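One file, structure.csv, is given below (CSV, C-alpha atoms).
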chain,number,residue,atom,x,y,z
R,1,MET,CA,141.7,115.2,95.3
R,2,SER,CA,139.5,118.1,94.5
R,3,ALA,CA,136.0,117.0,93.3
R,4,PRO,CA,134.5,119.0,90.4
R,5,SER,CA,132.0,121.7,91.2
R,6,GLN,CA,128.4,121.5,90.1
R,7,ALA,CA,129.1,124.4,87.7
R,8,GLN,CA,131.9,122.3,86.1
R,9,ILE,CA,129.6,119.3,85.7
R,10,LEU,CA,126.8,121.4,84.2
R,11,GLU,CA,129.3,122.9,81.8
R,12,ALA,CA,130.4,119.5,80.7
R,13,LEU,CA,126.8,118.4,80.2
R,14,LYS,CA,126.2,121.3,77.9
R,15,ALA,CA,128.1,119.2,75.3
R,16,VAL,CA,125.2,116.7,75.3
R,17,LYS,CA,122.3,117.7,73.0
R,18,ASP,CA,118.8,116.4,72.8
R,19,PRO,CA,118.7,114.8,69.3
R,20,ASP,CA,115.1,115.8,68.7
R,21,ARG,CA,115.2,119.4,70.0
R,22,GLY,CA,118.7,120.3,69.0
R,23,GLN,CA,119.6,122.1,72.2
R,24,ASP,CA,121.8,120.9,75.1
R,25,ILE,CA,120.2,119.2,78.0
R,26,VAL,CA,121.2,121.9,80.5
R,27,ALA,CA,119.6,124.7,78.4
R,28,LEU,CA,116.5,122.6,78.1
R,29,GLY,CA,116.2,122.2,81.9
R,30,MET,CA,116.5,118.4,81.6
R,31,VAL,CA,119.2,118.0,84.3
R,32,ALA,CA,117.9,117.6,87.9
R,33,GLY,CA,118.9,116.3,91.3
R,34,LEU,CA,122.6,116.9,90.8
R,35,VAL,CA,124.7,115.5,93.7
R,36,VAL,CA,128.5,115.6,94.0
R,37,LYS,CA,130.2,113.9,96.9
R,38,ASP,CA,133.9,112.9,97.2
R,39,GLY,CA,134.2,112.4,93.4
R,40,HIS,CA,130.9,110.5,93.0
R,41,VAL,CA,128.4,112.3,90.8
R,42,GLY,CA,124.7,111.5,90.4
R,43,PHE,CA,121.9,113.3,88.6
R,44,SER,CA,118.7,112.6,86.7
R,45,ILE,CA,117.7,113.5,83.1
R,46,GLU,CA,114.0,114.3,82.8
R,47,VAL,CA,112.4,113.2,79.5
R,48,ASP,CA,108.9,112.7,78.1
R,49,PRO,CA,107.7,109.2,79.0
R,50,LYS,CA,107.0,108.5,75.3
R,51,ARG,CA,110.6,109.1,74.4
R,52,GLY,CA,112.1,107.1,77.4
R,53,PRO,CA,113.0,103.9,75.5
R,54,GLN,CA,114.9,106.0,72.8
R,55,MET,CA,116.9,108.1,75.3
R,56,GLU,CA,119.4,105.6,76.5
R,57,PRO,CA,122.2,106.8,74.1
R,58,LEU,CA,121.7,110.4,75.5
R,59,ARG,CA,122.0,109.1,79.1
R,60,ARG,CA,125.2,107.3,78.3
R,61,ALA,CA,126.6,110.3,76.5
R,62,ALA,CA,125.8,112.4,79.6
R,63,GLU,CA,127.7,110.0,81.8
R,64,LYS,CA,130.7,109.9,79.5
R,65,ALA,CA,130.8,113.7,79.4
R,66,VAL,CA,131.1,113.9,83.1
R,67,GLU,CA,133.5,111.0,83.4
R,68,LYS,CA,136.0,113.0,81.4
R,69,LEU,CA,136.3,115.6,84.2
R,70,PRO,CA,139.3,115.3,86.5
R,71,ASP,CA,138.9,113.6,89.9
R,72,VAL,CA,135.5,112.0,89.0
R,73,LEU,CA,135.4,108.5,90.4
R,74,SER,CA,131.9,107.4,89.3
R,75,VAL,CA,128.9,108.8,87.5
R,76,THR,CA,125.3,107.7,87.9
R,77,ALA,CA,122.7,109.1,85.6
R,78,VAL,CA,119.0,108.1,85.7
R,79,LEU,CA,116.2,108.8,83.2
R,80,THR,CA,113.1,110.0,84.9
R,81,ALA,CA,109.8,110.9,83.2
R,82,HIS,CA,107.9,114.1,83.4
R,83,SER,CA,104.8,115.5,81.8
R,84,ALA,CA,105.0,116.7,78.2
R,85,GLY,CA,104.8,120.3,79.4
R,86,GLY,CA,108.5,120.4,80.3
R,87,ALA,CA,110.8,119.9,83.2
R,88,ALA,CA,108.6,122.0,85.4
R,89,GLY,CA,105.7,119.6,84.8
R,90,ALA,CA,104.4,117.2,87.4
R,91,ALA,CA,106.5,114.0,87.5
R,92,LYS,CA,104.5,110.9,86.4
R,93,GLY,CA,107.0,108.2,87.0
R,94,PRO,CA,110.2,106.7,85.7
R,95,ALA,CA,111.0,106.1,82.1
R,96,HIS,CA,113.4,103.5,80.7
R,97,SER,CA,116.2,104.0,83.1
R,98,HIS,CA,119.8,103.1,83.9
R,99,GLY,CA,120.9,101.9,87.3
R,100,PRO,CA,124.0,102.6,89.4
R,101,ASN,CA,125.6,99.5,88.2
R,102,HIS,CA,125.9,101.1,84.7
R,103,GLY,CA,123.6,98.3,83.4
R,104,HIS,CA,120.5,98.5,81.4
R,105,GLY,CA,117.2,99.2,83.1
R,106,HIS,CA,113.9,97.9,81.9
R,107,ALA,CA,110.3,98.9,82.5
R,108,PRO,CA,108.5,96.5,84.8
R,109,ALA,CA,106.9,93.4,83.2
R,110,GLN,CA,103.2,93.5,82.8
R,111,ALA,CA,100.9,90.8,84.0
R,112,ALA,CA,97.5,90.0,82.6
R,113,GLY,CA,95.1,92.9,82.7
R,114,GLY,CA,97.8,95.5,82.8
R,115,GLN,CA,98.9,94.6,86.4
R,116,LYS,CA,102.6,94.6,87.3
R,117,ALA,CA,104.1,91.1,87.6
R,118,LEU,CA,105.6,89.8,90.9
R,119,VAL,CA,109.4,89.8,91.0
R,120,PRO,CA,110.2,86.5,89.1
R,121,GLY,CA,111.1,83.7,91.4
R,122,VAL,CA,109.9,85.4,94.6
R,123,ARG,CA,107.0,83.7,96.3
R,124,ALA,CA,106.1,86.5,98.8
R,125,ILE,CA,107.0,90.1,99.5
R,126,VAL,CA,106.6,91.5,103.0
R,127,ALA,CA,107.0,95.2,103.8
R,128,VAL,CA,108.2,96.2,107.3
R,129,ALA,CA,107.1,99.7,107.8
R,130,SER,CA,106.5,102.4,110.5
R,131,GLY,CA,104.7,105.7,110.5
R,132,LYS,CA,107.8,107.5,111.9
R,133,GLY,CA,111.5,107.1,112.2
R,134,GLY,CA,113.4,106.0,115.3
R,135,VAL,CA,111.2,103.1,116.4
R,136,GLY,CA,113.6,100.3,115.4
R,137,LYS,CA,112.0,99.3,112.1
R,138,SER,CA,115.3,98.4,110.4
R,139,THR,CA,116.4,96.3,113.4
R,140,THR,CA,113.1,94.5,113.4
R,141,ALA,CA,113.3,94.0,109.6
R,142,VAL,CA,116.8,92.4,109.6
R,143,ASN,CA,116.0,90.2,112.6
R,144,LEU,CA,112.7,89.1,111.0
R,145,ALA,CA,114.5,88.2,107.8
R,146,LEU,CA,117.2,86.2,109.7
R,147,GLY,CA,114.4,84.6,111.8
R,148,LEU,CA,112.8,83.4,108.6
R,149,ALA,CA,116.1,82.2,107.3
R,150,ALA,CA,116.7,80.3,110.6
R,151,SER,CA,113.6,78.3,109.9
R,152,GLY,CA,114.9,77.2,106.6
R,153,LYS,CA,113.3,79.7,104.3
R,154,ARG,CA,115.0,81.2,101.3
R,155,VAL,CA,115.1,84.9,102.1
R,156,GLY,CA,116.1,88.2,100.5
R,157,MET,CA,116.3,91.6,102.0
R,158,LEU,CA,115.6,94.8,100.1
R,159,ASP,CA,116.6,98.1,101.8
R,160,ALA,CA,114.0,100.4,100.3
R,161,ASP,CA,115.1,103.4,102.5
R,162,ILE,CA,116.9,105.3,99.7
R,163,TYR,CA,117.6,108.3,101.8
R,164,GLY,CA,118.9,106.4,104.9
R,165,PRO,CA,120.0,102.9,104.0
R,166,SER,CA,121.1,100.9,107.0
R,167,GLN,CA,121.1,97.3,106.0
R,168,PRO,CA,124.7,97.2,104.8
R,169,ARG,CA,125.9,98.0,108.3
R,170,MET,CA,123.3,95.9,110.1
R,171,MET,CA,123.9,92.9,107.9
R,172,GLY,CA,127.7,93.3,108.1
R,173,ILE,CA,128.1,93.6,104.3
R,174,SER,CA,130.5,95.8,102.4
R,175,GLY,CA,131.5,96.1,98.8
R,176,ARG,CA,129.7,96.7,95.6
R,177,PRO,CA,127.3,94.4,93.7
R,178,VAL,CA,128.6,93.1,90.3
R,179,SER,CA,126.8,92.5,87.0
R,180,HIS,CA,127.8,89.6,84.9
R,181,ASP,CA,125.9,90.8,81.8
R,182,GLY,CA,125.8,94.6,82.3
R,183,LYS,CA,122.1,94.4,82.9
R,184,VAL,CA,121.3,92.6,86.1
R,185,LEU,CA,123.0,93.0,89.5
R,186,GLN,CA,123.9,90.2,91.7
R,187,PRO,CA,122.8,90.7,95.3
R,188,LEU,CA,125.3,90.6,98.1
R,189,VAL,CA,124.9,87.7,100.6
R,190,ASN,CA,125.5,87.3,104.3
R,191,TYR,CA,124.0,84.9,106.9
R,192,GLY,CA,122.3,83.1,104.0
R,193,VAL,CA,120.2,86.2,103.1
R,194,LYS,CA,120.5,88.0,99.7
R,195,CYS,CA,120.6,91.7,100.1
R,196,MET,CA,120.3,94.8,98.0
R,197,SER,CA,120.6,98.4,99.2
R,198,MET,CA,121.4,101.8,97.8
R,199,GLY,CA,124.1,101.8,100.6
R,200,PHE,CA,126.1,99.3,98.4
R,201,LEU,CA,126.1,101.8,95.6
R,202,VAL,CA,127.0,105.1,97.2
R,203,PRO,CA,129.4,106.0,100.1
R,204,GLU,CA,127.8,105.7,103.5
R,205,ASP,CA,128.0,109.5,104.3
R,206,THR,CA,126.6,110.6,100.9
R,207,PRO,CA,123.3,112.3,101.1
R,208,MET,CA,120.7,111.2,98.5
R,209,ILE,CA,119.2,114.5,97.4
R,210,TRP,CA,116.7,112.9,95.0
R,211,ARG,CA,113.2,113.8,94.1
R,212,GLY,CA,110.3,111.4,94.0
R,213,PRO,CA,110.7,110.1,90.4
R,214,MET,CA,114.4,109.2,91.0
R,215,VAL,CA,113.4,107.3,94.1
R,216,MET,CA,110.8,105.4,92.2
R,217,THR,CA,113.2,104.5,89.5
R,218,ALA,CA,115.8,103.2,91.9
R,219,LEU,CA,113.2,101.1,93.8
R,220,GLN,CA,112.0,99.5,90.5
R,221,GLN,CA,115.5,98.7,89.5
R,222,MET,CA,116.5,97.2,92.8
R,223,LEU,CA,113.4,94.9,92.6
R,224,ARG,CA,113.5,93.9,88.9
R,225,ASP,CA,117.1,94.4,87.8
R,226,VAL,CA,118.5,92.2,90.6
R,227,GLU,CA,119.1,88.5,90.3
R,228,TRP,CA,117.1,87.5,93.4
R,229,GLY,CA,116.7,83.9,92.2
R,230,GLU,CA,114.2,81.6,93.9
R,231,LEU,CA,113.0,83.1,97.2
R,232,ASP,CA,110.3,82.1,99.7
R,233,VAL,CA,110.1,85.6,100.9
R,234,LEU,CA,111.6,89.0,100.2
R,235,VAL,CA,111.6,91.3,103.3
R,236,VAL,CA,111.5,95.0,102.4
R,237,ASP,CA,112.8,97.5,104.9
R,238,MET,CA,110.6,100.5,104.0
R,239,PRO,CA,111.5,104.1,104.8
R,240,PRO,CA,109.4,105.7,107.6
R,241,GLY,CA,106.2,107.5,106.7
R,242,THR,CA,103.7,107.2,103.9
R,243,GLY,CA,105.4,108.8,100.9
R,244,ASP,CA,106.7,107.9,97.4
R,245,ALA,CA,108.5,104.7,98.3
R,246,GLN,CA,105.5,103.1,100.0
R,247,LEU,CA,103.1,104.1,97.2
R,248,THR,CA,105.6,102.9,94.6
R,249,MET,CA,105.8,99.5,96.3
R,250,ALA,CA,102.1,99.2,96.4
R,251,GLN,CA,101.7,100.2,92.8
R,252,GLN,CA,104.5,98.2,91.2
R,253,VAL,CA,104.4,94.8,93.1
R,254,PRO,CA,101.7,92.8,94.8
R,255,LEU,CA,102.9,93.0,98.4
R,256,THR,CA,101.8,89.9,100.2
R,257,GLY,CA,101.5,91.8,103.4
R,258,ALA,CA,102.9,94.5,105.7
R,259,VAL,CA,104.3,94.4,109.3
R,260,ILE,CA,104.0,97.7,111.3
R,261,VAL,CA,106.6,98.5,113.9
R,262,SER,CA,105.9,101.0,116.7
R,263,THR,CA,107.0,101.8,120.2
R,264,PRO,CA,104.3,101.9,123.0
R,265,GLN,CA,103.9,105.6,123.5
R,266,ASP,CA,100.9,107.5,122.1
R,267,ILE,CA,102.7,109.7,119.6
R,268,ALA,CA,104.4,106.7,117.9
R,269,LEU,CA,101.1,104.8,117.9
R,270,LEU,CA,99.4,107.7,116.2
R,271,ASP,CA,101.9,107.6,113.3
R,272,ALA,CA,101.8,103.8,113.2
R,273,ARG,CA,98.0,104.0,112.7
R,274,LYS,CA,98.6,106.3,109.7
R,275,GLY,CA,101.0,103.8,108.2
R,276,LEU,CA,98.6,100.9,108.8
R,277,ASN,CA,95.7,102.8,107.2
R,278,MET,CA,97.9,103.7,104.2
R,279,PHE,CA,98.4,100.0,103.4
R,280,ARG,CA,94.7,99.3,103.9
R,281,LYS,CA,93.8,102.1,101.4
R,282,VAL,CA,95.9,100.4,98.8
R,283,ASP,CA,94.5,97.0,99.6
R,284,VAL,CA,97.7,95.5,101.2
R,285,PRO,CA,97.0,93.1,104.1
R,286,VAL,CA,98.5,94.2,107.4
R,287,PHE,CA,99.8,91.1,109.1
R,288,GLY,CA,100.1,92.8,112.4
R,289,ILE,CA,101.9,95.2,114.7
R,290,VAL,CA,105.3,94.7,116.5
R,291,GLU,CA,105.8,96.7,119.7
R,292,ASN,CA,109.5,97.5,119.8
R,293,MET,CA,111.3,99.0,122.8
R,294,SER,CA,108.3,97.5,124.7
R,295,TYR,CA,110.2,97.7,128.0
R,296,PHE,CA,113.7,98.3,129.2
R,297,LEU,CA,115.8,95.5,130.7
R,298,CYS,CA,118.8,96.6,132.8
R,299,PRO,CA,121.8,94.6,131.6
R,300,HIS,CA,123.3,94.8,135.1
R,301,CYS,CA,120.5,93.9,137.5
R,302,GLY,CA,117.9,92.5,135.1
R,303,GLY,CA,115.3,95.0,136.4
R,304,ARG,CA,112.5,96.0,134.1
R,305,SER,CA,111.3,99.6,133.4
R,306,ASP,CA,108.5,100.7,131.1
R,307,ILE,CA,110.2,103.9,130.0
R,308,PHE,CA,108.1,104.2,126.9
R,309,SER,CA,104.9,103.0,128.5
R,310,HIS,CA,103.9,99.4,127.7
R,311,GLY,CA,101.2,97.5,125.9
R,312,GLY,CA,100.1,100.4,123.7
R,313,ALA,CA,100.7,98.6,120.5
R,314,ARG,CA,98.9,95.5,121.7
R,315,ALA,CA,95.9,97.7,122.6
R,316,GLU,CA,96.1,99.5,119.3
R,317,ALA,CA,96.2,96.2,117.3
R,318,GLN,CA,93.1,95.1,119.1
R,319,LYS,CA,91.4,98.4,118.4
R,320,LEU,CA,92.3,98.3,114.7
R,321,GLY,CA,91.4,94.7,114.3
R,322,VAL,CA,94.9,93.4,113.4
R,323,ASP,CA,97.1,90.8,115.1
R,324,PHE,CA,99.7,91.7,117.7
R,325,LEU,CA,102.9,89.9,116.6
R,326,GLY,CA,105.0,90.4,119.6
R,327,GLU,CA,106.9,92.7,121.9
R,328,VAL,CA,110.7,93.3,121.8
R,329,PRO,CA,112.4,94.9,124.8
R,330,LEU,CA,114.9,97.7,124.7
R,331,HIS,CA,118.2,96.0,125.5
R,332,ILE,CA,121.9,96.8,124.8
R,333,ASP,CA,122.5,93.4,123.3
R,334,ILE,CA,120.0,94.1,120.5
R,335,ARG,CA,121.5,97.5,119.8
R,336,GLU,CA,125.1,96.4,119.9
R,337,THR,CA,124.7,93.4,117.7
R,338,SER,CA,122.7,95.3,115.1
R,339,ASP,CA,125.2,98.2,115.0
R,340,GLY,CA,128.1,95.7,114.8
R,341,GLY,CA,126.7,93.8,111.8
R,342,ARG,CA,126.0,90.7,113.8
R,343,PRO,CA,122.2,90.8,114.4
R,344,ILE,CA,121.1,89.0,117.6
R,345,VAL,CA,119.2,86.2,115.8
R,346,VAL,CA,122.5,84.9,114.3
R,347,SER,CA,125.1,86.1,116.9
R,348,LYS,CA,123.1,84.9,120.0
R,349,PRO,CA,120.6,82.5,118.6
R,350,GLU,CA,119.8,81.0,122.0
R,351,SER,CA,119.1,84.3,123.7
R,352,GLU,CA,115.6,85.2,124.8
R,353,PHE,CA,115.7,88.1,122.4
R,354,ALA,CA,116.5,85.9,119.4
R,355,LYS,CA,113.7,83.6,120.3
R,356,ILE,CA,111.3,86.6,120.3
R,357,TYR,CA,112.3,87.5,116.8
R,358,ARG,CA,112.0,83.9,115.6
R,359,ALA,CA,108.5,83.7,117.1
R,360,ILE,CA,107.5,86.9,115.2
R,361,ALA,CA,109.0,85.4,112.0
R,362,ASP,CA,107.0,82.2,112.5
R,363,LYS,CA,103.8,84.2,112.9
R,364,VAL,CA,104.6,86.2,109.7
R,365,TRP,CA,105.3,83.0,107.8
R,366,ALA,CA,101.9,81.6,108.9
R,367,LYS,CA,100.3,84.8,107.6
R,368,ILE,CA,102.0,84.4,104.3
R,369,GLU,CA,100.8,80.8,103.9
R,370,HIS,CA,97.3,81.8,104.9
R,371,SER,CA,97.2,84.7,102.5
R,372,GLN,CA,98.4,82.6,99.6
R,373,ALA,CA,96.1,79.7,100.2
R,374,GLY,CA,93.7,81.1,97.6
R,375,GLY,CA,96.5,82.1,95.1
R,376,ARG,CA,98.6,85.1,94.6
R,377,ARG,CA,97.2,88.6,94.9
R,378,GLU,CA,97.2,90.9,91.9
R,379,ALA,CA,98.9,94.2,92.4
R,380,PRO,CA,96.5,96.7,94.0
R,381,LYS,CA,95.3,99.8,92.4
R,382,ILE,CA,95.7,103.1,94.3
R,383,VAL,CA,92.5,105.1,94.6
R,384,MET,CA,92.9,108.7,95.6
R,385,GLN,CA,89.9,110.1,97.6
Since I need it in another form, could you write the structure as structure tokens?
Amino acid sequence: MSAPSQAQILEALKAVKDPDRGQDIVALGMVAGLVVKDGHVGFSIEVDPKRGPQMEPLRRAAEKAVEKLPDVLSVTAVLTAHSAGGAAGAAKGPAHSHGPNHGHGHAPAQAAGGQKALVPGVRAIVAVASGKGGVGKSTTAVNLALGLAASGKRVGMLDADIYGPSQPRMMGISGRPVSHDGKVLQPLVNYGVKCMSMGFLVPEDTPMIWRGPMVMTALQQMLRDVEWGELDVLVVDMPPGTGDAQLTMAQQVPLTGAVIVSTPQDIALLDARKGLNMFRKVDVPVFGIVENMSYFLCPHCGGRSDIFSHGGARAEAQKLGVDFLGEVPLHIDIRETSDGGRPIVVSKPESEFAKIYRAIADKVWAKIEHSQAGGRREAPKIVMQ
């Protein structure tokens, strides 16, 4: 099979005209973020936010134009909003959009006072974040979710790392989500946890070469266009850093709190501090810090080595005035079970490592209950200084 080239796709899209301006969407510079991988095609169509709700027929026409090309397996087009000055203008956020399930996307529901409403049926949303990659954030997130489920909670897992989704592999889930009505996706389920990830919608080795507005649109749809049902807690595996995804989550939904994951060494703690301060700036409570890879346990002799130093996260938590939630060692069992889609909390529930994760989950749940004792928080407003 020979996938179509970008030039062929753009040529096909020239047949799609903007009904108001009379020119094709390629000539008008409306097509952006074009990605072609093994017959799968994705791109965004930039429109004025005011025209967003009326542009769904144009989006569908664009998808159909590309679907006619030989060797095209799937087409995903998303509407993103830009300033009225044109495609080169600064992006201001997603317009009425269409998700990878080829279902209908909707703008987020508004709560009183213009605030965004919490995802219906979800009692609490907890973000698991880190200031940098490679600290074991996703492993912590999945075992936290399974630890909460082990204590009888109704749990969902949202993989918000659009560029590097890892939850399908860690949760041992394959396949694509379905939509019974063409509008709302059904999450995939394993180990009693409902999951949604961009990794279910695109091949594992496909790079997501998307700009900020496309990421924001995808996150909104995975939150509000998914049938999460009644959940006690939705755990969100955030991408590393303090970029678009984190700000979108803070703007669009009232996060109940955040858990920061770091390793003990100074450079990781520096980045963790940035992540923690970002959540504080947008008025999201930080439940505490988890020290991952806290020490190394030899699987042969049981000897302990502090190869990344030790205790740095505990000291940092004390310095920053947040709770220390626990320390997780670096051990081959944790790595192997996560990579194999059998996280240690479910594959070896009586192990010391599973008990550590469940203890962290218990502390997080206590934080959730305490934070909601006075009622749900409204979505925070971002203030740029």
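Distances to Val345 of chain R were evaluated for R:Gly156, R:Ala150, R:Asp38, R:Leu10 using only C-alpha atoms, and the minimum falls at R:Ala150.
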> Of the candidates R:Ser197, R:Thr337, R:Ser44, R:Ser2, which one gets nearest to Tyr163 of chain R if we count all atoms listed in the file?
Replying inline: R:Ser197
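Taking only C-alpha atoms into account, those protein, DNA and RNA residues with any atom at most 9 Å away from (107.1, 96.7, 105.8) amount to Val126, Ala127, Val128, Ala129, Ser130, Lys137, Ala141, Val235, Val236, Asp237, Met238, Pro239, Gln246, Gly257, Ala258, Val259, Ile260 and Val261 of chain R.
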For the selection just defined, write its residues with C-alpha atoms to a file, as a compact mmCIF listing (two decimals), keeping the file's coordinate frame.
# COMPACT_ATOMS: atom_id res chain seq x y z
CA VAL R 126 106.60 91.50 103.00
CA ALA R 127 107.00 95.20 103.80
CA VAL R 128 108.20 96.20 107.30
CA ALA R 129 107.10 99.70 107.80
CA SER R 130 106.50 102.40 110.50
CA LYS R 137 112.00 99.30 112.10
CA ALA R 141 113.30 94.00 109.60
CA VAL R 235 111.60 91.30 103.30
CA VAL R 236 111.50 95.00 102.40
CA ASP R 237 112.80 97.50 104.90
CA MET R 238 110.60 100.50 104.00
CA PRO R 239 111.50 104.10 104.80
CA GLN R 246 105.50 103.10 100.00
CA GLY R 257 101.50 91.80 103.40
CA ALA R 258 102.90 94.50 105.70
CA VAL R 259 104.30 94.40 109.30
CA ILE R 260 104.00 97.70 111.30
CA VAL R 261 106.60 98.50 113.90
> What separation in Å, quoted to one decimal, exists between atom CA of Leu330 of chain R and atom CA of Ser166 of chain R?
Replying inline: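 So the two atoms, atom CA of Leu330 of chain R and atom CA of Ser166 of chain R, lie 19.0 Å apart.
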> So what do you get for atom CA of Leu234 of chain R versus atom CA of Ile125 of chain R, distance-wise?
Replying inline: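 Between these atoms lies a distance of 4.8 Å.
Take the candidates R:Met170, R:Val286, R:Val189, R:Ala218 and check each one against Arg335 of chain R using only C-alpha atoms; the shortest distance goes to R:Met170.
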Contacts of Pro329 of chain R at 7 Å or less, counting all atoms listed in the file, minus same-chain residues fewer than 3 places along, as a PDB file with C-alpha atoms, in the frame of the given file?
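Final output, saved to out23.pdb:
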ATOM      1  CA  ASN R 292     109.500  97.500 119.800  1.00  0.00           C
ATOM      2  CA  MET R 293     111.300  99.000 122.800  1.00  0.00           C
ATOM      3  CA  SER R 294     108.300  97.500 124.700  1.00  0.00           C
ATOM      4  CA  TYR R 295     110.200  97.700 128.000  1.00  0.00           C
ATOM      5  CA  PHE R 296     113.700  98.300 129.200  1.00  0.00           C
ATOM      6  CA  LEU R 297     115.800  95.500 130.700  1.00  0.00           C
TER       7      LEU R 297
END
> By how many Å are atom CA of Ser174 of chain R and atom CA of Leu223 of chain R apart?
Replying inline: 19.7 Å
>> Counting all atoms listed in the file, I want the residues whose atoms come within 10 Å of (124.2, 107.8, 79.3) in the file frame, returned as a ChimeraX atom specification.
In response: /R:16,45,55-66,75-79,97-98,102
Since we have the selection now, will you write its residues out, keeping C-alpha atoms, as a PDB file, in the frame of the given file?
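result_9.pdb, written as the output of this step:
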ATOM      1  CA  VAL R  16     125.200 116.700  75.300  1.00  0.00           C
ATOM      2  CA  ILE R  45     117.700 113.500  83.100  1.00  0.00           C
ATOM      3  CA  MET R  55     116.900 108.100  75.300  1.00  0.00           C
ATOM      4  CA  GLU R  56     119.400 105.600  76.500  1.00  0.00           C
ATOM      5  CA  PRO R  57     122.200 106.800  74.100  1.00  0.00           C
ATOM      6  CA  LEU R  58     121.700 110.400  75.500  1.00  0.00           C
ATOM      7  CA  ARG R  59     122.000 109.100  79.100  1.00  0.00           C
ATOM      8  CA  ARG R  60     125.200 107.300  78.300  1.00  0.00           C
ATOM      9  CA  ALA R  61     126.600 110.300  76.500  1.00  0.00           C
ATOM     10  CA  ALA R  62     125.800 112.400  79.600  1.00  0.00           C
ATOM     11  CA  GLU R  63     127.700 110.000  81.800  1.00  0.00           C
ATOM     12  CA  LYS R  64     130.700 109.900  79.500  1.00  0.00           C
ATOM     13  CA  ALA R  65     130.800 113.700  79.400  1.00  0.00           C
ATOM     14  CA  VAL R  66     131.100 113.900  83.100  1.00  0.00           C
ATOM     15  CA  VAL R  75     128.900 108.800  87.500  1.00  0.00           C
ATOM     16  CA  THR R  76     125.300 107.700  87.900  1.00  0.00           C
ATOM     17  CA  ALA R  77     122.700 109.100  85.600  1.00  0.00           C
ATOM     18  CA  VAL R  78     119.000 108.100  85.700  1.00  0.00           C
ATOM     19  CA  LEU R  79     116.200 108.800  83.200  1.00  0.00           C
ATOM     20  CA  SER R  97     116.200 104.000  83.100  1.00  0.00           C
ATOM     21  CA  HIS R  98     119.800 103.100  83.900  1.00  0.00           C
ATOM     22  CA  HIS R 102     125.900 101.100  84.700  1.00  0.00           C
TER      23      HIS R 102
END
